[in-house]
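Please read the structure below before turning to the comments.
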Amino acid sequence: MTTVEERNMERVKIWESTWNDDVMRMVDECYAEDCEATDMLRDRTFYGREELRLIEKQMMAEDATRRLKVVNMIASGNTVVVETHSFRKGGEVRSKSCVVLVFNEEGLIISDHSYGGDPTGIAANDPRTEN
């Protein structure tokens with residue numbers, strides 16, 4: 001494993017920790033200012049930290065007890081594929097997802113493509129998920 005791959009896998013651990021403890025800190029510390037995050041199943045893309053903050057605030061308003069656990073990671077160059085489970089604090093797994101994260105030279109996420117259920121557990125056809 002290269003030093004870049006090791007660094008990026010360590011960054012994923014920080015991404016997981018801050019996602020669970022302080023989602024706004026996660027956005028600021030883990031994502032590049034000009035990042036793009038795409039919910040691949042719902043065909044929604046958010047550009048930059050400001051848009052990412054807005055969607056994270058909406059998700060936290062829906063369920064502030066949401067938690068994420070990384071269950072597997074595979075690194076190749078600047079890309080890390082991450083398998084996750086999301087759940088309520090102390091509760092059962094509500095969704096399983098795969099996230100493809102691409103990091104820049106500074107170790108910040110520039111691209112986040114998520115495949116899986118909504119981490120709040122809201123069904124895809126629920127009116128609250130509309131754009």
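Chain labels run A, B, ... following the order of the structure tokens; each chain numbers its residues from 1, and ligands are numbered from 1 in the order shown.
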Fewer than 6 positions away in the same chain doesn't count, so skip those; otherwise give me all residues within 6 Å of Ser95 of chain A, counting only C-alpha atoms, as a PDB file with C-alpha atoms, in the first residue's frame.
ATOM      1  CA  HIS A  85     -23.852   0.789   7.717  1.00  0.00           C
ATOM      2  CA  SER A  86     -26.001   3.555   9.127  1.00  0.00           C
ATOM      3  CA  GLY A 117     -30.193   3.932   1.353  1.00  0.00           C
TER       4      GLY A 117
END
Exercise for the section: Please report, as an NGL selection string, each residue of chain A to which DSSP assigns strand (DSSP E or B) when run on this structure's backbone. Expected result: :A and (31-39 or 44-47 or 66-76 or 79-88 or 93-103 or 109-116)
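Restricting the calculation to only C-alpha atoms, the smallest distance between Val80 of chain A and any of A:Arg66, A:Arg42, A:Lys13, A:Arg49 is found for A:Lys13.
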Exercise for the section: Enter the distance from atom CA of Glu33 of chain A to atom CA of Phe87 of chain A, in Å, rounded to one decimal. Expected result: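 These atoms are spaced 28.0 Å apart.
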Handout entry: Non-local contacts of Thr45 of chain A (9 Å; only C-alpha atoms; under 6 positions in same chain excluded) as an NGL selection string
Key = :A and (36-39 or 113)
Selection above as a file: all heavy atoms, as a tab-separated table (two decimals), in the first residue's frame:
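Output (result.tsv):
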chain	number	residue	atom	x	y	z
A	36	GLU	N	-17.69	17.89	-4.79
A	36	GLU	CA	-19.02	17.52	-5.30
A	36	GLU	C	-19.40	16.20	-4.66
A	36	GLU	O	-18.58	15.30	-4.52
A	36	GLU	CB	-19.05	17.42	-6.82
A	36	GLU	CG	-18.17	16.36	-7.42
A	36	GLU	CD	-18.92	15.13	-7.91
A	36	GLU	OE1	-19.41	15.14	-9.02
A	36	GLU	OE2	-18.97	14.13	-7.16
A	37	ALA	N	-20.65	16.15	-4.19
A	37	ALA	CA	-21.17	14.95	-3.54
A	37	ALA	C	-22.45	14.55	-4.27
A	37	ALA	O	-23.36	15.37	-4.41
A	37	ALA	CB	-21.46	15.21	-2.07
A	38	THR	N	-22.49	13.30	-4.73
A	38	THR	CA	-23.63	12.84	-5.52
A	38	THR	C	-24.29	11.63	-4.86
A	38	THR	O	-23.61	10.66	-4.51
A	38	THR	CB	-23.19	12.46	-6.94
A	38	THR	OG1	-22.58	13.59	-7.56
A	38	THR	CG2	-24.37	12.01	-7.78
A	39	ASP	N	-25.59	11.74	-4.67
A	39	ASP	CA	-26.42	10.61	-4.27
A	39	ASP	C	-26.78	9.92	-5.58
A	39	ASP	O	-27.67	10.38	-6.31
A	39	ASP	CB	-27.65	11.12	-3.53
A	39	ASP	CG	-28.61	10.04	-3.11
A	39	ASP	OD1	-28.61	8.94	-3.71
A	39	ASP	OD2	-29.40	10.29	-2.19
A	113	HIS	N	-19.31	9.87	-4.21
A	113	HIS	CA	-20.43	9.24	-4.91
A	113	HIS	C	-20.97	8.15	-4.00
A	113	HIS	O	-20.30	7.15	-3.75
A	113	HIS	CB	-20.00	8.65	-6.25
A	113	HIS	CG	-19.70	9.69	-7.27
A	113	HIS	ND1	-19.44	9.39	-8.58
A	113	HIS	CD2	-19.64	11.04	-7.19
A	113	HIS	CE1	-19.23	10.51	-9.26
A	113	HIS	NE2	-19.34	11.52	-8.43
Exercise for the section: Quick one: pull the distance between atom CA of Cys35 of chain A and atom CA of Val93 of chain A, Å, one decimal. Expected result: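 Atom-to-atom, atom CA of Cys35 of chain A and atom CA of Val93 of chain A are spaced 28.1 Å apart.
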If you run DSSP over the backbone, which residues in segment 4-125 of chain A end up alpha helix (DSSP H)? Put them as a short mmCIF file (atom, residue, chain, number, x, y, z; two decimals) with N, CA, C and O atoms, in the first residue's frame.
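The result, written out as part10.cif:
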data_model
loop_
_atom_site.label_atom_id
_atom_site.label_comp_id
_atom_site.auth_asym_id
_atom_site.auth_seq_id
_atom_site.Cartn_x
_atom_site.Cartn_y
_atom_site.Cartn_z
N VAL A 4 0.09 7.43 0.05
CA VAL A 4 -1.14 8.16 -0.29
C VAL A 4 -2.36 7.32 0.08
O VAL A 4 -3.32 7.82 0.67
N GLU A 5 -2.35 6.05 -0.24
CA GLU A 5 -3.47 5.17 0.09
C GLU A 5 -3.63 5.05 1.61
O GLU A 5 -4.76 5.11 2.12
N GLU A 6 -2.53 4.92 2.33
CA GLU A 6 -2.60 4.86 3.80
C GLU A 6 -3.18 6.15 4.37
O GLU A 6 -4.04 6.11 5.25
N ARG A 7 -2.70 7.29 3.84
CA ARG A 7 -3.23 8.59 4.30
C ARG A 7 -4.72 8.69 4.04
O ARG A 7 -5.50 9.10 4.92
N ASN A 8 -5.15 8.29 2.86
CA ASN A 8 -6.57 8.41 2.51
C ASN A 8 -7.43 7.49 3.38
O ASN A 8 -8.54 7.87 3.77
N MET A 9 -6.93 6.32 3.71
CA MET A 9 -7.70 5.43 4.59
C MET A 9 -7.78 6.02 6.01
O MET A 9 -8.82 5.90 6.66
N GLU A 10 -6.74 6.68 6.46
CA GLU A 10 -6.79 7.39 7.75
C GLU A 10 -7.79 8.54 7.69
O GLU A 10 -8.51 8.80 8.65
N ARG A 11 -7.85 9.21 6.55
CA ARG A 11 -8.81 10.31 6.37
C ARG A 11 -10.24 9.78 6.42
O ARG A 11 -11.14 10.45 6.93
N VAL A 12 -10.47 8.58 5.91
CA VAL A 12 -11.80 7.97 5.98
C VAL A 12 -12.19 7.75 7.44
O VAL A 12 -13.34 7.96 7.82
N LYS A 13 -11.25 7.37 8.27
CA LYS A 13 -11.54 7.19 9.70
C LYS A 13 -11.95 8.51 10.35
O LYS A 13 -12.86 8.54 11.18
N ILE A 14 -11.32 9.59 9.95
CA ILE A 14 -11.70 10.92 10.45
C ILE A 14 -13.08 11.30 9.92
O ILE A 14 -13.92 11.84 10.65
N TRP A 15 -13.33 11.00 8.64
CA TRP A 15 -14.64 11.25 8.02
C TRP A 15 -15.74 10.54 8.82
O TRP A 15 -16.76 11.14 9.15
N GLU A 16 -15.51 9.27 9.15
CA GLU A 16 -16.48 8.49 9.93
C GLU A 16 -16.68 9.11 11.31
O GLU A 16 -17.82 9.31 11.76
N SER A 17 -15.61 9.42 12.00
CA SER A 17 -15.68 9.96 13.35
C SER A 17 -16.42 11.31 13.39
O SER A 17 -17.30 11.52 14.23
N THR A 18 -16.07 12.20 12.48
CA THR A 18 -16.71 13.52 12.49
C THR A 18 -18.15 13.43 11.98
O THR A 18 -19.00 14.22 12.41
N TRP A 19 -18.45 12.49 11.09
CA TRP A 19 -19.85 12.28 10.64
C TRP A 19 -20.72 11.96 11.84
O TRP A 19 -21.85 12.42 11.94
N ASN A 20 -20.17 11.18 12.77
CA ASN A 20 -20.92 10.78 13.95
C ASN A 20 -20.94 11.84 15.05
O ASN A 20 -21.91 11.91 15.81
N ASP A 21 -19.89 12.63 15.16
CA ASP A 21 -19.76 13.55 16.29
C ASP A 21 -20.09 15.00 15.99
O ASP A 21 -20.60 15.71 16.85
N VAL A 23 -21.15 16.84 12.33
CA VAL A 23 -21.25 16.76 10.88
C VAL A 23 -20.76 18.03 10.18
O VAL A 23 -20.18 17.96 9.09
N MET A 24 -20.91 19.19 10.79
CA MET A 24 -20.41 20.42 10.17
C MET A 24 -18.88 20.43 10.18
O MET A 24 -18.25 20.90 9.24
N ARG A 25 -18.30 19.91 11.23
CA ARG A 25 -16.84 19.76 11.29
C ARG A 25 -16.38 18.79 10.19
O ARG A 25 -15.35 18.99 9.55
N MET A 26 -17.17 17.73 9.97
CA MET A 26 -16.85 16.77 8.91
C MET A 26 -16.78 17.49 7.56
O MET A 26 -15.82 17.31 6.81
N VAL A 27 -17.78 18.30 7.27
CA VAL A 27 -17.80 19.02 6.00
C VAL A 27 -16.57 19.91 5.88
O VAL A 27 -15.86 19.90 4.86
N ASP A 28 -16.27 20.66 6.93
CA ASP A 28 -15.15 21.61 6.89
C ASP A 28 -13.78 20.94 6.87
O ASP A 28 -12.87 21.42 6.20
N GLU A 29 -13.63 19.83 7.59
CA GLU A 29 -12.31 19.21 7.72
C GLU A 29 -12.04 18.10 6.71
O GLU A 29 -10.88 17.78 6.46
N CYS A 30 -13.08 17.53 6.14
CA CYS A 30 -12.88 16.38 5.26
C CYS A 30 -13.11 16.67 3.79
O CYS A 30 -12.58 15.96 2.93
N GLY A 48 -19.82 21.94 -3.64
CA GLY A 48 -19.17 22.79 -2.65
C GLY A 48 -19.65 22.55 -1.23
O GLY A 48 -20.67 21.90 -1.00
N ARG A 49 -18.87 23.06 -0.31
CA ARG A 49 -19.17 22.85 1.12
C ARG A 49 -20.51 23.45 1.53
O ARG A 49 -21.20 22.89 2.37
N GLU A 50 -20.86 24.60 0.96
CA GLU A 50 -22.11 25.26 1.37
C GLU A 50 -23.33 24.39 1.07
O GLU A 50 -24.20 24.23 1.93
N GLU A 51 -23.39 23.83 -0.13
CA GLU A 51 -24.53 22.96 -0.46
C GLU A 51 -24.50 21.69 0.38
O GLU A 51 -25.54 21.19 0.79
N LEU A 52 -23.30 21.17 0.63
CA LEU A 52 -23.18 19.98 1.47
C LEU A 52 -23.65 20.27 2.89
O LEU A 52 -24.34 19.46 3.51
N ARG A 53 -23.31 21.44 3.42
CA ARG A 53 -23.78 21.83 4.76
C ARG A 53 -25.31 21.87 4.80
O ARG A 53 -25.92 21.42 5.78
N LEU A 54 -25.92 22.42 3.76
CA LEU A 54 -27.39 22.53 3.73
C LEU A 54 -28.05 21.16 3.80
O LEU A 54 -28.99 20.96 4.58
N ILE A 55 -27.58 20.20 3.00
CA ILE A 55 -28.21 18.88 3.01
C ILE A 55 -27.93 18.17 4.33
O ILE A 55 -28.79 17.49 4.87
N GLU A 56 -26.74 18.35 4.89
CA GLU A 56 -26.43 17.73 6.18
C GLU A 56 -27.32 18.31 7.29
O GLU A 56 -27.79 17.57 8.16
N LYS A 57 -27.57 19.60 7.26
CA LYS A 57 -28.47 20.21 8.25
C LYS A 57 -29.88 19.63 8.12
O LYS A 57 -30.53 19.36 9.13
N GLN A 58 -30.35 19.44 6.89
CA GLN A 58 -31.67 18.85 6.68
C GLN A 58 -31.72 17.42 7.21
O GLN A 58 -32.69 17.02 7.84
N MET A 59 -30.67 16.65 6.95
CA MET A 59 -30.64 15.27 7.43
C MET A 59 -30.58 15.21 8.95
O MET A 59 -31.24 14.38 9.57
N MET A 60 -29.82 16.10 9.57
CA MET A 60 -29.74 16.12 11.03
C MET A 60 -31.08 16.57 11.64
O MET A 60 -31.46 16.08 12.70
N ALA A 61 -31.78 17.46 10.96
CA ALA A 61 -33.09 17.88 11.45
C ALA A 61 -34.07 16.72 11.41
O ALA A 61 -34.95 16.60 12.27
N GLU A 62 -33.92 15.86 10.42
CA GLU A 62 -34.78 14.68 10.29
C GLU A 62 -34.45 13.64 11.36
O GLU A 62 -35.35 13.02 11.92
#
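A straight line drawn from atom CA of Tyr115 of chain A to atom CA of Thr2 of chain A is 26.3 Å long.
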Problem - Among the residues A:Leu68, A:Met1, A:Ala32, A:Ile110, the one that comes closest to Val82 of chain A [using only C-alpha atoms] - result: A:Leu68
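Closest approach to Leu101 of chain A among A:Asp43, A:Asp34, A:Glu83, A:Asp22 is made by A:Glu83 (distances from only C-alpha atoms).
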Exercise for the section: Can you pull out every residue within 7 Å of Arg88 of chain A, counting only C-alpha atoms, but drop anything in the same chain fewer than 4 positions away, and send it as a PyMOL selection string? Expected result: chain A and resi 65-67+92
